[in-house]
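Okay, input.txt is below, compact mmCIF, C-alpha atoms:
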```txt
# COMPACT_ATOMS: atom_id res chain seq x y z
CA MET A 1 113.34 95.88 107.48
CA MET A 2 109.85 95.44 108.87
CA PRO A 3 109.08 92.34 110.93
CA SER A 4 107.81 89.14 109.34
CA HIS A 5 104.21 89.54 108.17
CA ALA A 6 104.49 93.32 108.16
CA ILE A 7 103.43 95.20 105.10
CA ALA A 8 106.18 96.66 102.93
CA GLY A 9 94.14 59.55 90.14
CA GLU A 10 90.46 60.62 90.29
CA GLU A 11 89.22 62.31 87.14
CA THR A 12 86.56 64.87 87.89
CA GLY A 13 85.15 65.05 84.39
CA GLY A 14 83.64 68.17 82.92
CA ASP A 15 80.88 68.86 85.42
CA PRO A 16 81.23 72.59 86.19
CA GLU A 17 78.75 72.41 89.08
CA HIS A 18 80.66 69.61 90.82
CA LEU A 19 83.95 71.42 90.39
CA THR A 20 82.42 74.72 91.44
CA ARG A 21 81.16 73.19 94.68
CA THR A 22 84.58 71.66 95.34
CA ALA A 23 86.46 74.88 94.63
CA ARG A 24 84.06 77.04 96.65
CA HIS A 25 84.24 74.66 99.60
CA GLN A 26 88.01 74.94 99.60
CA ALA A 27 88.28 78.61 98.65
CA GLN A 28 85.24 79.72 100.69
CA ILE A 29 85.10 83.05 98.86
CA ASP A 30 83.99 83.60 95.28
CA PRO A 31 85.58 86.90 94.19
CA LEU A 32 83.39 86.98 91.09
CA ALA A 33 80.08 86.24 92.85
CA ALA A 34 78.62 89.68 92.14
CA LEU A 35 79.48 89.41 88.45
CA ARG A 36 78.19 85.93 87.65
CA ALA A 37 75.16 85.68 85.38
CA PRO A 38 73.35 83.06 83.31
CA GLY A 39 75.16 82.40 80.07
CA ASP A 40 78.63 83.05 81.51
CA PRO A 41 81.46 80.77 80.34
CA PRO A 42 81.69 77.63 82.48
CA TRP A 43 85.29 78.41 83.43
CA ASP A 44 86.91 81.54 84.78
CA VAL A 45 90.44 80.66 83.66
CA TYR A 46 91.91 78.18 81.17
CA LEU A 47 95.57 77.10 81.13
CA THR A 48 97.73 74.64 79.26
CA GLY A 49 101.31 73.55 79.74
CA THR A 50 103.55 70.92 81.30
CA VAL A 51 102.93 69.49 84.76
CA PHE A 52 106.08 68.44 86.64
CA LEU A 53 106.51 66.60 89.90
CA ASP A 54 108.47 69.08 92.02
CA ILE A 55 110.80 67.83 94.74
CA VAL A 56 112.05 70.76 96.80
CA PHE A 57 114.91 70.77 99.31
CA THR A 58 115.13 73.69 101.75
CA GLY A 59 117.21 74.52 104.80
CA LEU A 60 120.50 74.36 102.92
CA ASP A 61 123.05 76.80 104.32
CA THR A 62 124.98 76.96 101.06
CA ALA A 63 124.94 75.54 97.58
CA PRO A 64 125.94 71.86 97.37
CA VAL A 65 129.71 71.44 97.25
CA ARG A 66 131.26 69.14 94.68
CA GLY A 67 132.34 65.79 96.12
CA THR A 68 130.37 66.18 99.37
CA GLU A 69 126.98 65.16 100.67
CA SER A 70 124.60 67.88 101.85
CA TRP A 71 121.63 67.27 104.13
CA ALA A 72 118.55 69.47 103.76
CA ARG A 73 116.56 70.36 106.87
CA GLY A 74 113.33 70.38 104.87
CA MET A 75 111.83 68.66 101.84
CA GLY A 76 108.50 68.79 100.04
CA SER A 77 106.87 67.22 96.98
CA SER A 78 104.03 68.71 94.97
CA PRO A 79 102.77 69.16 91.40
CA GLY A 80 104.78 71.83 89.60
CA GLY A 81 105.08 73.60 86.26
CA VAL A 82 101.74 74.91 85.04
CA ALA A 83 100.15 73.30 88.12
CA ASN A 84 101.59 76.14 90.23
CA MET A 85 99.35 78.71 88.60
CA ALA A 86 96.35 76.41 88.23
CA ALA A 87 96.30 75.65 91.96
CA ALA A 88 96.83 79.30 92.88
CA LEU A 89 93.85 80.34 90.77
CA ALA A 90 91.62 77.61 92.17
CA ARG A 91 92.54 78.48 95.76
CA LEU A 92 91.47 82.07 95.11
CA GLY A 93 88.03 80.82 94.11
CA LEU A 94 88.27 80.87 90.32
CA ARG A 95 86.82 78.01 88.28
CA THR A 96 89.95 76.69 86.62
CA SER A 97 90.38 74.34 83.65
CA LEU A 98 93.75 72.82 82.72
CA ALA A 99 94.93 71.00 79.59
CA ALA A 100 98.08 68.99 80.23
CA ALA A 101 99.63 65.59 79.59
CA PHE A 102 100.11 63.28 82.57
CA GLY A 103 102.31 60.22 82.73
CA ASP A 104 100.68 56.93 83.70
CA ASP A 105 103.28 56.37 86.43
CA HIS A 106 102.77 56.98 90.16
CA TYR A 107 104.04 60.55 89.81
CA GLY A 108 101.39 61.29 87.19
CA GLU A 109 98.64 59.69 89.27
CA TYR A 110 99.66 61.75 92.28
CA CYS A 111 99.70 65.02 90.32
CA TRP A 112 96.31 64.26 88.74
CA ASP A 113 94.76 63.45 92.11
CA ALA A 114 96.27 66.51 93.81
CA LEU A 115 94.90 68.86 91.14
CA ALA A 116 91.54 67.29 90.33
CA ARG A 117 90.40 65.91 93.67
CA GLY A 118 92.48 68.09 95.95
CA GLU A 119 92.07 71.48 94.24
CA GLY A 120 88.84 71.09 92.23
CA ILE A 121 90.60 71.84 88.92
CA ASP A 122 88.85 70.67 85.74
CA LEU A 123 91.11 68.22 83.90
CA THR A 124 88.65 67.33 81.14
CA PRO A 125 90.99 68.77 78.45
CA SER A 126 93.92 66.81 79.95
CA ARG A 127 94.96 63.25 79.18
CA THR A 128 97.03 60.42 80.57
CA VAL A 129 99.72 59.16 78.17
CA PRO A 130 100.50 55.43 78.41
CA GLY A 131 104.18 54.69 78.89
CA TRP A 132 105.19 58.33 79.32
CA HIS A 133 107.37 59.21 82.31
CA SER A 134 106.27 62.27 84.27
CA PRO A 135 108.73 65.18 84.10
CA VAL A 136 110.50 65.83 87.41
CA THR A 137 112.19 68.95 88.81
CA VAL A 138 114.44 68.95 91.87
CA SER A 139 114.76 72.41 93.40
CA MET A 140 117.28 73.44 96.08
CA ALA A 141 116.51 76.62 98.00
CA TYR A 142 119.31 78.48 99.78
CA GLU A 143 120.40 82.07 100.44
CA GLY A 144 117.02 83.34 99.22
CA GLU A 145 117.49 81.81 95.78
CA ARG A 146 116.96 78.42 94.18
CA THR A 147 118.75 76.07 91.83
CA MET A 148 116.74 73.61 89.77
CA ILE A 149 117.51 70.39 87.92
CA SER A 150 114.82 68.95 85.65
CA HIS A 151 114.44 65.66 83.82
CA GLY A 152 111.84 64.61 81.29
CA HIS A 153 111.46 62.20 78.42
CA GLU A 154 110.36 63.36 74.97
CA PRO A 155 106.90 64.91 75.35
CA PRO A 156 103.86 63.29 73.76
CA PRO A 157 103.65 63.99 70.03
CA GLU A 158 100.22 65.63 70.30
CA GLU A 159 99.84 68.96 71.99
CA PRO A 160 97.71 68.72 75.14
CA ALA A 161 95.96 71.98 74.23
CA PRO A 162 92.78 71.30 72.26
CA ASP A 163 92.35 73.03 68.89
CA CYS A 164 89.37 74.87 70.36
CA PRO A 165 89.97 75.66 74.05
CA PRO A 166 86.94 75.60 76.39
CA PRO A 167 85.05 78.88 76.83
CA ALA A 168 86.55 80.87 79.69
CA ARG A 169 86.62 84.44 80.97
CA ALA A 170 90.42 84.44 80.84
CA ALA A 171 93.41 82.35 79.90
CA VAL A 172 97.02 82.48 81.05
CA ALA A 173 99.67 81.83 78.43
CA SER A 174 103.44 81.51 78.57
CA LEU A 175 104.79 83.09 75.40
CA THR A 176 107.65 81.43 73.50
CA PRO A 177 109.94 83.68 71.41
CA GLY A 178 109.62 82.96 67.71
CA ARG A 179 106.65 80.63 68.01
CA ARG A 180 102.90 81.11 67.97
CA ALA A 181 100.45 78.98 69.94
CA PRO A 182 97.30 78.69 67.77
CA TRP A 183 95.00 78.23 70.77
CA ILE A 184 95.78 81.78 71.99
CA ALA A 185 94.36 83.45 68.89
CA GLN A 186 91.40 81.07 68.93
CA ALA A 187 90.61 81.86 72.56
CA ALA A 188 90.95 85.60 72.00
CA ARG A 189 88.52 85.43 69.07
CA GLU A 190 86.00 83.79 71.38
CA GLY A 191 86.27 86.69 73.83
CA THR A 192 88.69 85.16 76.33
CA ARG A 193 90.97 87.72 77.98
CA ILE A 194 94.60 86.62 77.62
CA PHE A 195 97.22 87.22 80.32
CA ALA A 196 100.79 86.35 79.38
CA ASP A 197 104.16 85.88 80.96
CA VAL A 198 107.42 84.85 79.31
CA GLY A 199 110.53 82.87 80.15
CA TRP A 200 114.17 83.72 79.59
CA ASP A 201 115.06 84.20 75.90
CA ASP A 202 117.85 81.67 75.39
CA THR A 203 118.40 82.98 71.86
CA GLY A 204 119.55 86.32 73.23
CA ALA A 205 117.47 88.19 70.62
CA TRP A 206 115.04 89.80 73.06
CA ASP A 207 112.89 90.89 70.13
CA LEU A 208 109.31 91.85 70.95
CA ALA A 209 108.34 91.06 67.37
CA GLY A 210 109.20 87.46 68.19
CA LEU A 211 106.40 87.41 70.77
CA ALA A 212 103.79 87.31 68.03
CA ASP A 213 100.92 86.25 70.30
CA LEU A 214 101.36 89.41 72.36
CA GLU A 215 98.93 91.06 69.95
CA HIS A 216 96.13 88.90 71.40
CA CYS A 217 96.94 89.69 75.03
CA GLU A 218 95.31 92.06 77.47
CA ALA A 219 98.17 91.99 79.97
CA PHE A 220 101.86 91.09 79.92
CA LEU A 221 103.68 90.32 83.18
CA PRO A 222 107.49 89.98 82.76
CA ASN A 223 110.06 90.52 85.48
CA ALA A 224 112.22 93.64 85.49
CA GLU A 225 115.19 92.10 83.68
CA GLU A 226 113.01 90.64 80.94
CA ALA A 227 111.07 93.90 80.52
CA MET A 228 114.23 95.99 80.20
CA ARG A 229 115.85 93.61 77.73
CA TYR A 230 112.77 93.46 75.52
CA THR A 231 112.37 97.25 75.44
CA GLY A 232 116.01 98.33 75.62
CA SER A 233 115.17 100.43 78.70
CA THR A 234 117.52 100.95 81.61
CA CYS A 235 114.68 101.45 84.11
CA PRO A 236 111.90 98.92 84.90
CA LYS A 237 109.23 101.63 85.07
CA ALA A 238 110.25 103.03 81.70
CA ALA A 239 110.13 99.48 80.35
CA ALA A 240 106.56 99.06 81.61
CA HIS A 241 105.45 102.21 79.81
CA ALA A 242 107.24 101.11 76.63
CA LEU A 243 105.47 97.74 76.73
CA THR A 244 102.06 99.41 76.66
CA GLU A 245 102.75 100.26 73.03
CA HIS A 246 102.27 96.53 72.40
CA VAL A 247 99.78 95.42 75.06
CA PRO A 248 97.12 97.35 77.03
CA VAL A 249 98.38 96.45 80.51
CA ALA A 250 102.03 95.95 81.47
CA VAL A 251 103.02 94.63 84.90
CA VAL A 252 106.71 94.47 85.79
CA THR A 253 107.74 92.56 88.89
CA LEU A 254 110.62 94.15 90.81
CA GLY A 255 111.61 91.32 93.15
CA ALA A 256 112.14 92.53 96.70
CA GLU A 257 110.98 96.01 95.67
CA GLY A 258 107.46 94.93 94.70
CA ALA A 259 105.85 95.58 91.33
CA TYR A 260 104.88 98.40 88.95
CA ALA A 261 101.99 98.43 86.47
CA VAL A 262 100.59 100.63 83.73
CA ASP A 263 97.15 100.47 82.10
CA ARG A 264 97.21 102.27 78.76
CA ARG A 265 93.42 102.28 78.42
CA THR A 266 92.64 104.03 81.72
CA GLY A 267 95.89 105.90 82.22
CA GLU A 268 96.33 104.24 85.62
CA THR A 269 99.75 103.53 87.05
CA ALA A 270 100.39 101.70 90.29
CA GLU A 271 103.39 100.75 92.38
CA VAL A 272 103.08 98.45 95.39
CA PRO A 273 106.07 97.59 97.61
CA ALA A 274 106.85 94.02 98.50
CA ILE A 275 105.70 92.51 101.80
CA ALA A 276 108.48 91.51 104.17
CA VAL A 277 108.27 87.81 105.06
CA GLU A 278 110.66 85.07 106.07
CA ALA A 279 110.99 83.13 102.82
CA LEU A 280 111.30 79.36 102.96
CA ASP A 281 111.04 78.53 99.26
CA PRO A 282 110.49 80.93 96.31
CA THR A 283 109.33 78.15 93.94
CA GLY A 284 106.22 79.23 92.04
CA ALA A 285 106.00 82.72 93.55
CA GLY A 286 105.83 84.32 90.10
CA ASP A 287 102.95 82.06 89.11
CA VAL A 288 101.06 82.89 92.30
CA PHE A 289 101.62 86.60 91.58
CA VAL A 290 100.03 86.22 88.14
CA ALA A 291 97.09 84.31 89.65
CA GLY A 292 96.44 87.12 92.12
CA PHE A 293 96.55 89.74 89.38
CA VAL A 294 94.19 87.76 87.15
CA THR A 295 91.75 87.34 90.05
CA GLY A 296 91.65 91.05 90.81
CA THR A 297 91.31 91.92 87.14
CA LEU A 298 88.36 89.59 86.56
CA ALA A 299 86.75 91.00 89.70
CA GLY A 300 87.01 94.50 88.22
CA TRP A 301 89.28 95.99 90.88
CA PRO A 302 91.42 99.13 90.45
CA LEU A 303 94.94 98.52 89.19
CA ALA A 304 96.59 99.20 92.56
CA ASP A 305 94.34 96.68 94.34
CA ARG A 306 95.08 94.03 91.72
CA LEU A 307 98.78 94.62 92.16
CA ALA A 308 98.48 94.51 95.95
CA LEU A 309 96.64 91.18 95.95
CA ALA A 310 99.19 89.72 93.53
CA GLY A 311 102.10 90.76 95.71
CA LEU A 312 100.40 89.56 98.88
CA THR A 313 99.59 86.09 97.55
CA ALA A 314 103.15 85.71 96.23
CA ALA A 315 104.62 86.76 99.58
CA LEU A 316 102.46 84.30 101.51
CA SER A 317 103.38 81.49 99.12
CA VAL A 318 107.13 81.66 99.76
CA GLN A 319 106.58 80.72 103.40
CA GLU A 320 105.60 77.16 102.40
CA PHE A 321 107.31 74.34 100.49
CA GLY A 322 106.81 73.87 96.77
CA GLY A 323 104.89 75.85 94.17
CA SER A 324 101.32 74.65 93.66
CA LEU A 325 100.59 73.60 97.24
CA SER A 326 102.23 76.69 98.72
CA ALA A 327 99.62 78.98 97.16
CA PRO A 328 97.48 80.71 99.81
CA GLY A 329 93.71 80.48 100.07
CA TRP A 330 91.41 83.10 101.52
CA SER A 331 91.91 81.70 105.02
CA GLU A 332 95.62 82.52 104.83
CA ILE A 333 94.90 85.93 103.36
CA GLY A 334 92.33 86.64 106.08
CA ALA A 335 94.69 85.48 108.84
CA TRP A 336 97.44 87.73 107.50
CA TRP A 337 95.09 90.72 107.32
CA ARG A 338 93.92 90.26 110.90
CA ARG A 339 97.52 89.82 112.05
CA VAL A 340 98.93 93.00 110.49
CA GLN A 341 96.00 95.05 111.80
CA SER A 342 96.82 93.89 115.33
CA LEU A 343 100.42 95.17 115.22
CA GLU A 344 100.65 98.41 117.19
CA THR A 345 103.66 99.55 115.19
CA GLN A 346 102.00 99.00 111.85
CA ASN A 347 102.14 101.93 109.42
CA PRO A 348 98.56 103.28 108.96
CA ALA A 349 99.30 104.26 105.37
CA ALA A 350 100.41 100.71 104.61
CA LEU A 351 97.22 99.35 106.18
CA ARG A 352 95.11 101.59 103.94
CA ARG A 353 96.80 100.01 100.92
CA TYR A 354 95.10 96.70 101.79
CA ALA A 355 91.80 98.06 103.09
CA PHE A 356 90.08 96.63 99.99
CA LEU A 357 90.29 93.25 101.74
CA ASP A 358 87.86 94.32 104.49
CA PRO A 359 84.57 93.77 102.65
CA LEU A 360 85.89 90.63 100.98
CA ILE A 361 87.01 88.63 104.01
CA PRO A 362 84.45 87.66 106.69
CA THR A 363 85.30 88.40 110.30
CA HIS A 364 85.45 84.69 111.10
CA LEU A 365 86.84 82.58 108.28
CA ASP A 366 87.39 78.95 109.22
CA ARG A 367 88.14 76.62 106.36
CA PRO A 368 86.57 73.13 106.55
CA TRP A 369 89.96 71.40 106.34
CA PRO A 370 93.58 72.55 106.11
CA LEU A 371 94.92 73.32 102.68
CA ARG A 372 96.97 70.46 101.29
CA ARG A 373 100.68 71.18 101.64
CA ALA A 374 103.80 69.67 100.12
CA VAL A 375 105.18 66.75 102.12
CA PRO A 376 108.46 64.80 101.85
CA THR A 377 106.81 61.74 100.30
CA ILE A 378 103.97 61.15 97.86
CA GLY A 379 103.20 57.75 99.36
CA PHE A 380 100.77 58.77 102.10
CA GLY A 381 97.02 58.53 101.61
CA ARG A 382 94.96 61.66 101.09
CA ASN A 383 93.77 61.90 104.69
CA THR A 384 97.16 61.38 106.28
```

Structure re-expressed in structure tokens:
Amino acid sequence: MMPSHAIAGEETGGDPEHLTRTARHQAQIDPLAALRAPGDPPWDVYLTGTVFLDIVFTGLDTAPVRGTESWARGMGSSPGGVANMAAALARLGLRTSLAAAFGDDHYGEYCWDALARGEGIDLTPSRTVPGWHSPVTVSMAYEGERTMISHGHEPPPEEPAPDCPPPARAAVASLTPGRRAPWIAQAAREGTRIFADVGWDDTGAWDLAGLADLEHCEAFLPNAEEAMRYTGSTCPKAAAHALTEHVPVAVVTLGAEGAYAVDRRTGETAEVPAIAVEALDPTGAGDVFVAGFVTGTLAGWPLADRLALAGLTAALSVQEFGGSLSAPGWSEIGAWWRRVQSLETQNPAALRRYAFLDPLIPTHLDRPWPLRRAVPTIGFGRNT
């Protein structure tokens, strides 16, 4: 295996300019700068879903044993759920809008503040629900995997997604077997490019016809097991090709082996190996992967470069606690790129795979303040 880092409560309102300044200040790089023009949608990406408070324990040698007490060497708290992807997109410089319900408890206030004020995410389509308890997930990371326990009260009766989502270049949707989400079709009709992932099919049907909203999507990004079950394939690459009969771009994540993608429209295929890192917590890595792929796609990059950025951002994220606040910004990406180029034993061919980063990252990239990271408590003030 190659060495670590080697390649293998304040509402922001709907002011796009204010949020753009905040996001640019934090991200420092606008990957879509060359493409922006008058009359563009105010938002680059729109999302909707459930925001959790994530409490993550790491440094466990084994799974908790019944009847005993286990002490974790590390702990972090951060917004989770759909917040993982929203923060990852914002940290890559995309103007991000999120529709979600927030509890009016301290957990909800913390999550709102972390996303709106900390990450520059537009929460205009979101709302605070009086008397609703914020959903909570406790995640335990050990042996390279994680076990999660979640708790939440009945969700608000109204969907947080507006009937007519805000204009955006793209939207990320999580498809639910057997159920349509009306906002997806509405957004697609307005010209929004839809990127979709999917969770485990608890029904066991694994029927692509049940993913009715797939017809509105530009790209579908399942993991290898999901892709093979939905297509009946025994090989992840064959599954990716089979999926392009239903969606133009299929991206199949292969875990420690990287990812494989097919673009039916251009005939491109790409396979990028995973980057070897010392993983602390895998929470949210899949969401960060999707955010990287969406960023490269909106920037108009070749398929292989999009896949490489997605894998890189996911790899960097697992070295930090939590999901949303573990997502890397361009400072982390730039630091990694300078680091791997300085290794004398680095494979030149592997370096060429990431050469597309050269014109994007300035030689000296110093962010104005450190990225906010997950901490054991949510009680400290913002500047602590």

>> Give me the residues near Val252 (chain A) as a VMD selection string, where near means some atom within 8 Å (using all atoms listed in the file) and where sequence neighbours in that chain fewer than 2 positions away do not count.
In response: chain A and resid 221 to 224 227 236 to 237 240 250 254 259 to 261

Selection from above, C-alpha atoms, as a PDB file, in the frame of the given file, can you write it?
```
ATOM      1  CA  LEU A 221     103.680  90.320  83.180  1.00  0.00           C
ATOM      2  CA  PRO A 222     107.490  89.980  82.760  1.00  0.00           C
ATOM      3  CA  ASN A 223     110.060  90.520  85.480  1.00  0.00           C
ATOM      4  CA  ALA A 224     112.220  93.640  85.490  1.00  0.00           C
ATOM      5  CA  ALA A 227     111.070  93.900  80.520  1.00  0.00           C
ATOM      6  CA  PRO A 236     111.900  98.920  84.900  1.00  0.00           C
ATOM      7  CA  LYS A 237     109.230 101.630  85.070  1.00  0.00           C
ATOM      8  CA  ALA A 240     106.560  99.060  81.610  1.00  0.00           C
ATOM      9  CA  ALA A 250     102.030  95.950  81.470  1.00  0.00           C
ATOM     10  CA  LEU A 254     110.620  94.150  90.810  1.00  0.00           C
ATOM     11  CA  ALA A 259     105.850  95.580  91.330  1.00  0.00           C
ATOM     12  CA  TYR A 260     104.880  98.400  88.950  1.00  0.00           C
ATOM     13  CA  ALA A 261     101.990  98.430  86.470  1.00  0.00           C
TER      14      ALA A 261
END
```

> For the point (91.8, 87.1, 95.2) in file coordinates, what residues are within 7 Å, counting all atoms listed in the file? Give the answer as a list in words?
Replying inline: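 Using all atoms listed in the file, the matching residues come out as Pro31, Leu92, Gly292, Thr295, Gly296 and Leu309 of chain A.
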
>> Given all atoms listed in the file as the basis, pick out the residue of A:Leu175, A:Met75, A:Ala256, A:Ala270 nearest to His241 (chain A).
In response: A:Ala270

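With distances restricted to only C-alpha atoms, A:Gly311 is the closest residue to Val251 (chain A) from A:Pro328, A:Gly311, A:Gly300, A:Gly76.
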
>> For Arg265 (chain A), find every residue with an atom within 10 Å (counting only C-alpha atoms), except residues of its own chain fewer than 5 positions away, and show them as a list in words.
In response: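 Everything that qualifies: Thr244, Val247, Pro248 and Val249 of chain A.
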
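Residues within 9 Å of region 80-82 of chain A, counting only C-alpha atoms and excluding same-chain residues fewer than 2 positions away, are Leu47, Thr48, Gly49, Thr50, Val51, Phe52, Leu53, Asp54, Ile55, Ser77, Ser78, Asn84, Met85, Ala86, Ala87, Leu98, Ala100, Cys111, Val136, Thr137, Thr283, Gly284, Asp287, Gly322, Gly323, Ser324 and Leu325 of chain A.
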
> Hey, can you check how far CA of Ala205 (chain A) sits from CA of Thr147 (chain A)?
Replying inline: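 Interatomic distance, CA of Ala205 (chain A) to CA of Thr147 (chain A): 24.5 Å.
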
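Distance annotation: of A:Ala168, A:Met148, A:Ala88, A:Val56, the residue with the minimal separation from Ala285 (chain A) is A:Ala88; atom set is all atoms listed in the file.
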
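Take CA of Pro359 (chain A) and CA of Ile121 (chain A): the distance between them is 26.6 Å.
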
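CA of Gly59 (chain A) sits 8.8 Å away from CA of Met140 (chain A).
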
> With distances taken over all atoms listed in the file, which of A:Thr297, A:Thr345, A:Ser126, A:Ser150 is nearest to Leu32 (chain A)?
Replying inline: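 Closest to Leu32 (chain A), using all atoms listed in the file: A:Thr297.
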